[in-house]
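Source file data-v8.pdb; content: PDB, C-alpha atoms, pLDDT in the B column.
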```
ATOM      1  CA  ALA A  18     -13.262  92.759 222.015  1.00 70.00           C
ATOM      2  CA  GLN A  19     -12.351  89.858 224.238  1.00 78.00           C
ATOM      3  CA  LYS A  20     -14.633  88.124 226.673  1.00 90.00           C
ATOM      4  CA  VAL A  21     -14.610  85.076 228.893  1.00 95.00           C
ATOM      5  CA  THR A  22     -17.824  83.411 229.997  1.00 96.00           C
ATOM      6  CA  GLN A  23     -18.105  80.922 232.817  1.00 97.00           C
ATOM      7  CA  ALA A  24     -21.802  80.174 232.781  1.00 94.00           C
ATOM      8  CA  GLN A  25     -21.738  78.008 235.904  1.00 96.00           C
ATOM      9  CA  THR A  26     -21.796  80.316 238.904  1.00 95.00           C
ATOM     10  CA  GLU A  27     -21.858  77.515 241.476  1.00 97.00           C
ATOM     11  CA  ILE A  28     -21.423  73.762 241.333  1.00 97.00           C
ATOM     12  CA  SER A  29     -21.876  71.371 244.222  1.00 97.00           C
ATOM     13  CA  VAL A  30     -20.779  67.730 244.061  1.00 97.00           C
ATOM     14  CA  VAL A  31     -20.151  64.867 246.414  1.00 97.00           C
ATOM     15  CA  GLU A  32     -16.613  63.683 246.944  1.00 97.00           C
ATOM     16  CA  LYS A  33     -15.294  61.278 244.283  1.00 97.00           C
ATOM     17  CA  GLU A  34     -17.641  62.595 241.634  1.00 97.00           C
ATOM     18  CA  ASP A  35     -16.178  63.922 238.388  1.00 97.00           C
ATOM     19  CA  VAL A  36     -16.952  67.564 237.621  1.00 97.00           C
ATOM     20  CA  THR A  37     -16.428  69.740 234.540  1.00 97.00           C
ATOM     21  CA  LEU A  38     -16.097  73.502 234.654  1.00 97.00           C
ATOM     22  CA  ASP A  39     -17.015  75.260 231.431  1.00 97.00           C
ATOM     23  CA  CYS A  40     -15.209  78.199 229.852  1.00 97.00           C
ATOM     24  CA  VAL A  41     -16.177  79.909 226.600  1.00 97.00           C
ATOM     25  CA  TYR A  42     -14.141  82.757 225.187  1.00 96.00           C
ATOM     26  CA  GLU A  43     -14.428  85.377 222.468  1.00 93.00           C
ATOM     27  CA  THR A  44     -11.489  86.824 220.590  1.00 89.00           C
ATOM     28  CA  ARG A  45     -10.690  88.129 217.129  1.00 87.00           C
ATOM     29  CA  ASP A  46      -7.011  87.290 217.395  1.00 86.00           C
ATOM     30  CA  THR A  47      -5.422  84.179 215.971  1.00 86.00           C
ATOM     31  CA  THR A  48      -2.758  84.198 218.670  1.00 86.00           C
ATOM     32  CA  TYR A  49      -3.996  84.062 222.221  1.00 90.00           C
ATOM     33  CA  TYR A  50      -3.468  82.248 225.486  1.00 90.00           C
ATOM     34  CA  LEU A  51      -5.895  80.666 227.907  1.00 93.00           C
ATOM     35  CA  PHE A  52      -5.384  80.093 231.599  1.00 93.00           C
ATOM     36  CA  TRP A  53      -7.066  78.447 234.540  1.00 96.00           C
ATOM     37  CA  TYR A  54      -6.522  79.663 238.090  1.00 96.00           C
ATOM     38  CA  LYS A  55      -7.808  78.291 241.388  1.00 96.00           C
ATOM     39  CA  GLN A  56      -8.758  80.624 244.252  1.00 95.00           C
ATOM     40  CA  PRO A  57      -9.163  78.798 247.569  1.00 93.00           C
ATOM     41  CA  PRO A  58     -10.769  80.527 250.570  1.00 89.00           C
ATOM     42  CA  SER A  59      -7.371  81.949 251.516  1.00 86.00           C
ATOM     43  CA  GLY A  60      -7.744  84.269 248.521  1.00 87.00           C
ATOM     44  CA  GLU A  61      -4.551  83.607 246.609  1.00 89.00           C
ATOM     45  CA  LEU A  62      -4.941  82.818 242.922  1.00 93.00           C
ATOM     46  CA  VAL A  63      -3.072  79.624 242.107  1.00 93.00           C
ATOM     47  CA  PHE A  64      -1.933  79.048 238.531  1.00 92.00           C
ATOM     48  CA  LEU A  65      -3.096  75.711 237.095  1.00 93.00           C
ATOM     49  CA  ILE A  66      -2.470  75.724 233.357  1.00 90.00           C
ATOM     50  CA  ARG A  67      -1.612  77.870 230.342  1.00 89.00           C
ATOM     51  CA  ARG A  68      -2.465  76.948 226.767  1.00 90.00           C
ATOM     52  CA  ASN A  69      -1.711  78.838 223.535  1.00 88.00           C
ATOM     53  CA  SER A  70      -4.076  79.009 220.602  1.00 89.00           C
ATOM     54  CA  PHE A  71      -1.894  76.816 218.393  1.00 87.00           C
ATOM     55  CA  ASP A  72      -1.845  73.890 220.760  1.00 83.00           C
ATOM     56  CA  GLU A  73      -5.143  72.056 220.850  1.00 80.00           C
ATOM     57  CA  GLN A  74      -3.810  68.974 222.531  1.00 80.00           C
ATOM     58  CA  ASN A  75      -5.704  68.064 225.636  1.00 82.00           C
ATOM     59  CA  GLU A  76      -3.732  68.128 228.858  1.00 83.00           C
ATOM     60  CA  ILE A  77      -3.867  65.821 231.836  1.00 84.00           C
ATOM     61  CA  SER A  78      -2.189  66.460 235.156  1.00 86.00           C
ATOM     62  CA  GLY A  79      -3.091  63.981 237.840  1.00 91.00           C
ATOM     63  CA  ARG A  80      -6.809  64.325 238.516  1.00 93.00           C
ATOM     64  CA  TYR A  81      -7.022  67.467 236.372  1.00 93.00           C
ATOM     65  CA  SER A  82      -7.623  67.531 232.636  1.00 92.00           C
ATOM     66  CA  TRP A  83      -8.326  70.284 230.135  1.00 92.00           C
ATOM     67  CA  ASN A  84     -10.175  70.100 226.840  1.00 93.00           C
ATOM     68  CA  PHE A  85      -9.358  72.926 224.404  1.00 93.00           C
ATOM     69  CA  GLN A  86     -11.606  73.165 221.345  1.00 93.00           C
ATOM     70  CA  LYS A  87     -11.076  76.118 219.027  1.00 91.00           C
ATOM     71  CA  SER A  88     -14.093  75.151 216.925  1.00 92.00           C
ATOM     72  CA  THR A  89     -16.394  75.931 219.842  1.00 94.00           C
ATOM     73  CA  SER A  90     -14.109  78.503 221.548  1.00 94.00           C
ATOM     74  CA  SER A  91     -14.100  76.474 224.705  1.00 95.00           C
ATOM     75  CA  PHE A  92     -11.469  75.518 227.246  1.00 95.00           C
ATOM     76  CA  ASN A  93     -13.140  73.242 229.749  1.00 96.00           C
ATOM     77  CA  PHE A  94     -11.611  71.891 232.936  1.00 95.00           C
ATOM     78  CA  THR A  95     -12.431  68.493 234.438  1.00 95.00           C
ATOM     79  CA  ILE A  96     -11.596  67.258 237.907  1.00 96.00           C
ATOM     80  CA  THR A  97     -11.756  63.497 238.237  1.00 96.00           C
ATOM     81  CA  ALA A  98     -12.614  61.900 241.569  1.00 96.00           C
ATOM     82  CA  SER A  99     -13.110  65.262 243.262  1.00 96.00           C
ATOM     83  CA  GLN A 100     -11.892  65.848 246.805  1.00 97.00           C
ATOM     84  CA  VAL A 101     -12.953  68.273 249.505  1.00 96.00           C
ATOM     85  CA  VAL A 102      -9.674  70.169 249.006  1.00 95.00           C
ATOM     86  CA  ASP A 103     -10.782  70.983 245.463  1.00 96.00           C
ATOM     87  CA  SER A 104     -13.409  73.328 246.882  1.00 97.00           C
ATOM     88  CA  ALA A 105     -12.541  76.781 245.563  1.00 97.00           C
ATOM     89  CA  VAL A 106     -13.441  79.370 242.974  1.00 97.00           C
ATOM     90  CA  TYR A 107     -11.987  78.552 239.574  1.00 98.00           C
ATOM     91  CA  PHE A 108     -11.254  81.250 237.018  1.00 97.00           C
ATOM     92  CA  CYS A 109     -10.675  80.961 233.315  1.00 97.00           C
ATOM     93  CA  ALA A 110      -8.699  83.814 231.746  1.00 95.00           C
ATOM     94  CA  LEU A 111      -7.792  84.973 228.240  1.00 93.00           C
ATOM     95  CA  TYR A 112      -4.863  86.940 226.932  1.00 89.00           C
ATOM     96  CA  GLN A 113      -4.650  88.220 223.391  1.00 81.00           C
ATOM     97  CA  GLU A 114      -1.801  90.130 221.778  1.00 71.00           C
ATOM     98  CA  THR A 115      -3.915  93.125 220.807  1.00 71.00           C
ATOM     99  CA  SER A 116      -4.896  93.817 224.400  1.00 61.00           C
ATOM    100  CA  GLY A 117      -1.323  94.374 225.474  1.00 59.00           C
ATOM    101  CA  SER A 118      -0.526  92.100 228.322  1.00 61.00           C
ATOM    102  CA  ARG A 119      -3.868  92.250 230.068  1.00 77.00           C
ATOM    103  CA  LEU A 120      -5.515  89.085 231.316  1.00 86.00           C
ATOM    104  CA  THR A 121      -9.300  89.066 231.004  1.00 91.00           C
ATOM    105  CA  PHE A 122     -10.886  86.857 233.635  1.00 94.00           C
ATOM    106  CA  GLY A 123     -14.266  85.173 233.649  1.00 96.00           C
ATOM    107  CA  GLU A 124     -16.610  85.620 236.573  1.00 95.00           C
ATOM    108  CA  GLY A 125     -15.479  82.383 238.159  1.00 96.00           C
ATOM    109  CA  THR A 126     -17.180  79.143 239.174  1.00 97.00           C
ATOM    110  CA  GLN A 127     -17.569  78.318 242.863  1.00 97.00           C
ATOM    111  CA  LEU A 128     -16.988  74.588 243.285  1.00 97.00           C
ATOM    112  CA  THR A 129     -18.050  72.950 246.536  1.00 97.00           C
ATOM    113  CA  VAL A 130     -17.083  69.343 247.118  1.00 97.00           C
ATOM    114  CA  ASN A 131     -19.041  67.789 249.967  1.00 96.00           C
ATOM    115  CA  PRO A 132     -17.745  64.813 251.939  1.00 95.00           C
TER     116      PRO A 132
ATOM    117  CA  GLU B   1      11.345  80.421 246.480  1.00 68.00           C
ATOM    118  CA  ALA B   2       9.175  82.892 248.375  1.00 82.00           C
ATOM    119  CA  GLY B   3       5.903  83.900 246.779  1.00 92.00           C
ATOM    120  CA  VAL B   4       4.372  87.319 246.294  1.00 95.00           C
ATOM    121  CA  ALA B   5       3.969  89.091 249.624  1.00 96.00           C
ATOM    122  CA  GLN B   6       1.240  91.608 250.394  1.00 96.00           C
ATOM    123  CA  SER B   7       0.298  93.635 253.430  1.00 96.00           C
ATOM    124  CA  PRO B   8      -1.910  94.304 255.175  1.00 96.00           C
ATOM    125  CA  ARG B   9      -4.173  91.303 254.686  1.00 95.00           C
ATOM    126  CA  TYR B  10      -7.247  93.179 255.886  1.00 96.00           C
ATOM    127  CA  LYS B  11      -8.164  96.847 256.160  1.00 97.00           C
ATOM    128  CA  ILE B  12     -11.323  98.601 257.260  1.00 97.00           C
ATOM    129  CA  ILE B  13     -11.631 102.337 256.701  1.00 97.00           C
ATOM    130  CA  GLU B  14     -14.346 104.946 256.439  1.00 97.00           C
ATOM    131  CA  LYS B  15     -15.202 106.600 253.168  1.00 95.00           C
ATOM    132  CA  ARG B  16     -13.075 109.602 252.267  1.00 96.00           C
ATOM    133  CA  GLN B  17     -10.126 108.189 254.216  1.00 97.00           C
ATOM    134  CA  SER B  18      -6.872 107.177 252.560  1.00 97.00           C
ATOM    135  CA  VAL B  19      -5.337 103.721 252.434  1.00 97.00           C
ATOM    136  CA  ALA B  20      -2.159 102.157 251.067  1.00 97.00           C
ATOM    137  CA  PHE B  21      -1.268  98.603 250.161  1.00 97.00           C
ATOM    138  CA  TRP B  22       2.177  97.118 249.785  1.00 97.00           C
ATOM    139  CA  CYS B  23       3.437  94.350 247.531  1.00 97.00           C
ATOM    140  CA  ASN B  24       6.775  92.574 247.269  1.00 96.00           C
ATOM    141  CA  PRO B  25       7.021  90.415 244.133  1.00 95.00           C
ATOM    142  CA  ILE B  26       8.860  87.157 243.660  1.00 94.00           C
ATOM    143  CA  SER B  27      12.584  87.785 243.600  1.00 92.00           C
ATOM    144  CA  GLY B  28      13.838  88.514 240.105  1.00 90.00           C
ATOM    145  CA  HIS B  29      10.409  89.166 238.625  1.00 91.00           C
ATOM    146  CA  ALA B  30      10.509  92.332 236.555  1.00 90.00           C
ATOM    147  CA  THR B  31       6.793  92.717 235.935  1.00 90.00           C
ATOM    148  CA  LEU B  32       4.333  93.606 238.664  1.00 94.00           C
ATOM    149  CA  TYR B  33       0.538  93.878 238.446  1.00 94.00           C
ATOM    150  CA  TRP B  34      -2.200  95.255 240.688  1.00 96.00           C
ATOM    151  CA  TYR B  35      -5.700  93.835 240.302  1.00 96.00           C
ATOM    152  CA  GLN B  36      -9.016  94.741 241.882  1.00 97.00           C
ATOM    153  CA  GLN B  37     -11.404  91.883 242.594  1.00 96.00           C
ATOM    154  CA  ILE B  38     -14.909  92.858 243.607  1.00 96.00           C
ATOM    155  CA  LEU B  39     -16.902  90.184 245.412  1.00 92.00           C
ATOM    156  CA  GLY B  40     -18.334  87.657 242.988  1.00 90.00           C
ATOM    157  CA  GLN B  41     -16.279  88.868 240.042  1.00 92.00           C
ATOM    158  CA  GLY B  42     -13.018  88.014 238.368  1.00 94.00           C
ATOM    159  CA  PRO B  43      -9.937  90.171 238.952  1.00 95.00           C
ATOM    160  CA  LYS B  44      -9.584  93.319 236.881  1.00 94.00           C
ATOM    161  CA  LEU B  45      -6.181  94.789 236.071  1.00 93.00           C
ATOM    162  CA  LEU B  46      -5.567  98.246 237.536  1.00 96.00           C
ATOM    163  CA  ILE B  47      -1.939  98.826 236.642  1.00 95.00           C
ATOM    164  CA  GLN B  48       1.101  96.980 235.316  1.00 92.00           C
ATOM    165  CA  PHE B  49       4.759  97.858 235.858  1.00 92.00           C
ATOM    166  CA  GLN B  50       7.763  96.647 233.897  1.00 89.00           C
ATOM    167  CA  ASN B  51      10.653  97.271 236.279  1.00 88.00           C
ATOM    168  CA  ASN B  52       9.807 100.769 237.560  1.00 84.00           C
ATOM    169  CA  GLY B  53       7.950 101.949 234.456  1.00 90.00           C
ATOM    170  CA  VAL B  54       4.202 101.863 233.892  1.00 92.00           C
ATOM    171  CA  VAL B  55       3.142  99.596 231.004  1.00 88.00           C
ATOM    172  CA  ASP B  56      -0.638  99.784 231.347  1.00 88.00           C
ATOM    173  CA  ASP B  57      -2.723 101.947 233.667  1.00 93.00           C
ATOM    174  CA  SER B  58      -5.713 102.396 231.389  1.00 90.00           C
ATOM    175  CA  GLN B  59      -8.145 100.929 233.931  1.00 91.00           C
ATOM    176  CA  LEU B  60      -6.788 102.778 236.954  1.00 95.00           C
ATOM    177  CA  PRO B  61      -9.170 105.471 238.306  1.00 94.00           C
ATOM    178  CA  LYS B  62      -6.489 108.088 238.385  1.00 94.00           C
ATOM    179  CA  ASP B  63      -8.554 110.665 240.229  1.00 95.00           C
ATOM    180  CA  ARG B  64      -8.266 108.610 243.395  1.00 97.00           C
ATOM    181  CA  PHE B  65      -5.876 105.708 242.782  1.00 97.00           C
ATOM    182  CA  SER B  66      -2.113 105.936 242.459  1.00 97.00           C
ATOM    183  CA  ALA B  67       0.675 103.392 242.388  1.00 97.00           C
ATOM    184  CA  GLU B  68       4.427 103.446 242.341  1.00 95.00           C
ATOM    185  CA  ARG B  69       7.332 101.069 242.048  1.00 94.00           C
ATOM    186  CA  LEU B  70      10.253 103.353 242.645  1.00 81.00           C
ATOM    187  CA  LYS B  71      13.184 100.923 242.716  1.00 85.00           C
ATOM    188  CA  GLY B  72      11.709  98.307 240.416  1.00 82.00           C
ATOM    189  CA  VAL B  73      11.079  95.872 243.244  1.00 91.00           C
ATOM    190  CA  ASP B  74       8.255  96.412 245.719  1.00 95.00           C
ATOM    191  CA  SER B  75       5.227  98.547 245.010  1.00 97.00           C
ATOM    192  CA  THR B  76       2.529 100.526 246.797  1.00 97.00           C
ATOM    193  CA  LEU B  77      -1.038 101.157 245.696  1.00 98.00           C
ATOM    194  CA  LYS B  78      -2.876 104.074 247.279  1.00 98.00           C
ATOM    195  CA  ILE B  79      -6.502 105.134 247.331  1.00 97.00           C
ATOM    196  CA  GLN B  80      -7.263 108.714 248.305  1.00 96.00           C
ATOM    197  CA  PRO B  81     -10.072 109.361 249.095  1.00 96.00           C
ATOM    198  CA  ALA B  82     -11.778 105.987 249.323  1.00 96.00           C
ATOM    199  CA  LYS B  83     -15.363 105.398 248.212  1.00 96.00           C
ATOM    200  CA  LEU B  84     -17.780 102.674 249.232  1.00 97.00           C
ATOM    201  CA  GLU B  85     -17.408 101.016 245.815  1.00 96.00           C
ATOM    202  CA  ASP B  86     -13.686 100.532 246.435  1.00 97.00           C
ATOM    203  CA  SER B  87     -14.489  97.680 248.804  1.00 97.00           C
ATOM    204  CA  ALA B  88     -12.754  94.735 247.174  1.00 97.00           C
ATOM    205  CA  VAL B  89      -9.739  92.464 247.330  1.00 97.00           C
ATOM    206  CA  TYR B  90      -6.608  94.024 245.897  1.00 97.00           C
ATOM    207  CA  LEU B  91      -4.336  91.412 244.401  1.00 97.00           C
ATOM    208  CA  CYS B  92      -0.719  91.829 243.469  1.00 96.00           C
ATOM    209  CA  ALA B  93       0.930  89.533 240.928  1.00 95.00           C
ATOM    210  CA  SER B  94       4.368  89.269 239.357  1.00 93.00           C
ATOM    211  CA  SER B  95       5.965  87.600 236.369  1.00 89.00           C
ATOM    212  CA  ARG B  96       9.490  87.204 235.033  1.00 87.00           C
ATOM    213  CA  GLY B  97      11.254  89.239 232.407  1.00 67.00           C
ATOM    214  CA  ARG B  98       9.335  90.869 229.614  1.00 62.00           C
ATOM    215  CA  SER B  99       5.741  91.908 229.973  1.00 53.00           C
ATOM    216  CA  GLY B 100       2.869  89.634 228.995  1.00 49.00           C
ATOM    217  CA  PRO B 101       1.150  86.755 230.651  1.00 49.00           C
ATOM    218  CA  VAL B 102       3.026  84.287 228.505  1.00 70.00           C
ATOM    219  CA  GLN B 103       5.271  84.812 231.459  1.00 75.00           C
ATOM    220  CA  THR B 104       2.809  83.300 233.896  1.00 83.00           C
ATOM    221  CA  GLN B 105       1.533  85.626 236.570  1.00 88.00           C
ATOM    222  CA  TYR B 106       1.873  84.493 240.180  1.00 91.00           C
ATOM    223  CA  PHE B 107      -0.460  86.060 242.706  1.00 93.00           C
ATOM    224  CA  GLY B 108      -0.161  87.139 246.315  1.00 94.00           C
ATOM    225  CA  PRO B 109      -2.804  86.485 248.997  1.00 93.00           C
ATOM    226  CA  GLY B 110      -4.449  89.856 248.477  1.00 95.00           C
ATOM    227  CA  THR B 111      -5.591  92.684 250.741  1.00 96.00           C
ATOM    228  CA  ARG B 112      -9.280  92.720 251.637  1.00 96.00           C
ATOM    229  CA  LEU B 113     -10.505  96.304 251.880  1.00 97.00           C
ATOM    230  CA  LEU B 114     -13.824  97.269 253.415  1.00 97.00           C
ATOM    231  CA  VAL B 115     -14.931 100.886 253.102  1.00 97.00           C
ATOM    232  CA  LEU B 116     -17.697 101.901 255.511  1.00 96.00           C
TER     233      LEU B 116
END
```
Represent the structure of the file as structure tokens.
Amino acid sequence: AQKVTQAQTEISVVEKEDVTLDCVYETRDTTYYLFWYKQPPSGELVFLIRRNSFDEQNEISGRYSWNFQKSTSSFNFTITASQVVDSAVYFCALYQETSGSRLTFGEGTQLTVNP
Amino acid sequence: EAGVAQSPRYKIIEKRQSVAFWCNPISGHATLYWYQQILGQGPKLLIQFQNNGVVDDSQLPKDRFSAERLKGVDSTLKIQPAKLEDSAVYLCASSRGRSGPVQTQYFGPGTRLLVL
């Protein structure tokens, strides 16, 4: 069975603070993919990053960075110097070969960045 | 490049009524997905099409939900009759070529359905 857990339901920070969103996954497969999506109030899910299970290199894209650790089954997402526009719900998702092509999403973390 | 289009954006109906949603994927994307997102939860896949064929509909409540993609381009999702628990956002997504999210899924703005 596959499962994605985002234990933080809501996070509130003040602008310019750094914030980390946690994602823990469960899978029996050796080949799988992890994703992060952002869902602003408009409702559209915006793709942020995709990572496969064989690539544990951390990724940095501007103010965003991702830390993938297979040893702890975690794929955490950090926003540096947060901005009000970062306010959204963030979803972590898992795909594994044995589930066909179905993405399994976590419950999401509501991030509010206050000015 | 235009994104995934969905209509309507909002719909309010009474229980036992019927409703239909429309989706037009990104041009050239062969794979189309319908998700249901209940408030406070992550999206859940209802059905996946590869061109005009169904790849996965294992989580579609087939007694009341139906979907089609007749010409392999746009798609409609129908609920008949609707129940209160169908209140949710219905998201459409598309991806290129072969099935699988290795081909990243791109989402539309969704249709917010409220069943009274």
With the PyMOL selection byres ((chain A and resi 85) around 9) as the selection, what would be picked from this file? Answer as number ranges by chain, please. A: 68, 70, 72-76, 83-84, 86-87, 89-94
Provide as a ChimeraX atom specification the residues of chain A at most 7 Å from chain B, counting all atoms listed in the file. /A:59-64,118-119,122-125
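All residues of protein, DNA or RNA that reach within 9 Å of B:Val19, judged by only C-alpha atoms and not counting those fewer than 3 positions away in the chain, are Lys11, Ile13, Leu77, Lys78, Ile79, Gln80, Pro81 and Ala82 of chain B.
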Could you turn the residues from that selection into a file that holds C-alpha atoms, as a PDB file, in the coordinates of the input?
```
ATOM      1  CA  LYS B  11      -8.164  96.847 256.160  1.00 97.00           C
ATOM      2  CA  ILE B  13     -11.631 102.337 256.701  1.00 97.00           C
ATOM      3  CA  LEU B  77      -1.038 101.157 245.696  1.00 98.00           C
ATOM      4  CA  LYS B  78      -2.876 104.074 247.279  1.00 98.00           C
ATOM      5  CA  ILE B  79      -6.502 105.134 247.331  1.00 97.00           C
ATOM      6  CA  GLN B  80      -7.263 108.714 248.305  1.00 96.00           C
ATOM      7  CA  PRO B  81     -10.072 109.361 249.095  1.00 96.00           C
ATOM      8  CA  ALA B  82     -11.778 105.987 249.323  1.00 96.00           C
TER       9      ALA B  82
END
```
In the coordinates of the file, take the point (2.1, 106.0, 242.5) and a cut-off of 10 Å; then, counting only C-alpha atoms, name each qualifying protein, DNA or RNA residue as a ChimeraX atom specification. /B:54,62,65-70,75-79
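We find atom CA of B:Gln36 and atom CA of A:Thr47 to be spaced 28.2 Å apart.
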How would you write, as number ranges by chain, the residues chosen by the PyMOL selection byres ((chain B and resi 83) around 10) on this structure? B: 13-18, 64, 79-82, 84-87, 114-116
Which residues would end up in the selection if the PyMOL selection byres ((chain A and resi 127) around 10) were applied here, given that I need the answer as a ChimeraX atom specification? /A:25-29,38,55-57,104-108,124-126,128-130 /B:40
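Separating atom CA of B:Lys71 from atom CA of B:Asn52 is a distance of 6.2 Å.
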Report, in Å with one decimal, the straight-line distance from atom CA of A:Thr37 to atom CA of A:Gln100. 13.6 Å
Please determine an axis-aligned box that encloses all atoms of stretch 42-54 of chain B listed in the file, with 8 Å added on each side, and express its centre and edge lengths in Å to one decimal as AutoDock Vina command-line options.
```
--center_x -1.2 --center_y 95.0 --center_z 236.4 --size_x 39.7 --size_y 29.9 --size_z 21.1
```
Nearest-residue call for A:Gln23, choices A:Asn131, A:Val36, A:Val41, A:Ile77, using all atoms listed in the file: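 Of A:Asn131, A:Val36, A:Val41, A:Ile77, the one nearest A:Gln23 is A:Val41, counting all atoms listed in the file.
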As an MDAnalysis selection string, please: the residues near A:Thr97 (cut-off 9 Å, all atoms listed in the file, same-chain neighbours under 4 positions excluded). chainID A and resid 33:37 79:82
For A:Pro132, list every protein, DNA or RNA residue within 8 Å, evaluated using only C-alpha atoms, and leave out those in the same chain fewer than 3 positions away; present the list as a compact mmCIF listing (two decimals) with C-alpha atoms, in the frame of the given file.
```txt
# COMPACT_ATOMS: atom_id res chain seq x y z
CA VAL A 31 -20.15 64.87 246.41
CA GLU A 32 -16.61 63.68 246.94
CA GLN A 100 -11.89 65.85 246.80
CA VAL A 101 -12.95 68.27 249.50
```
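Minimum atom-to-atom distance to B:Asp74, evaluated using all atoms listed in the file, belongs to B:Leu32 out of B:Ile12, B:Ala2, B:Ala20, B:Leu32.
Using all atoms listed in the file, the nearest neighbour of B:Ala5 within the list B:Pro25, B:Pro61, B:Gly53, B:Gly72 is B:Pro25.
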Need the shell around B:Thr31: protein/DNA/RNA residues with any atom at most 6 Å away, counting only C-alpha atoms. Skip same-chain ones fewer than 6 positions apart. Format as a ChimeraX atom specification? /B:49-51,94-95
Neighbours of A:Gln19 within 10 Å (only C-alpha atoms; same-chain residues fewer than 4 positions away dropped), as a PyMOL selection string? chain A and resi 42-46+111-113+115-116+120-122
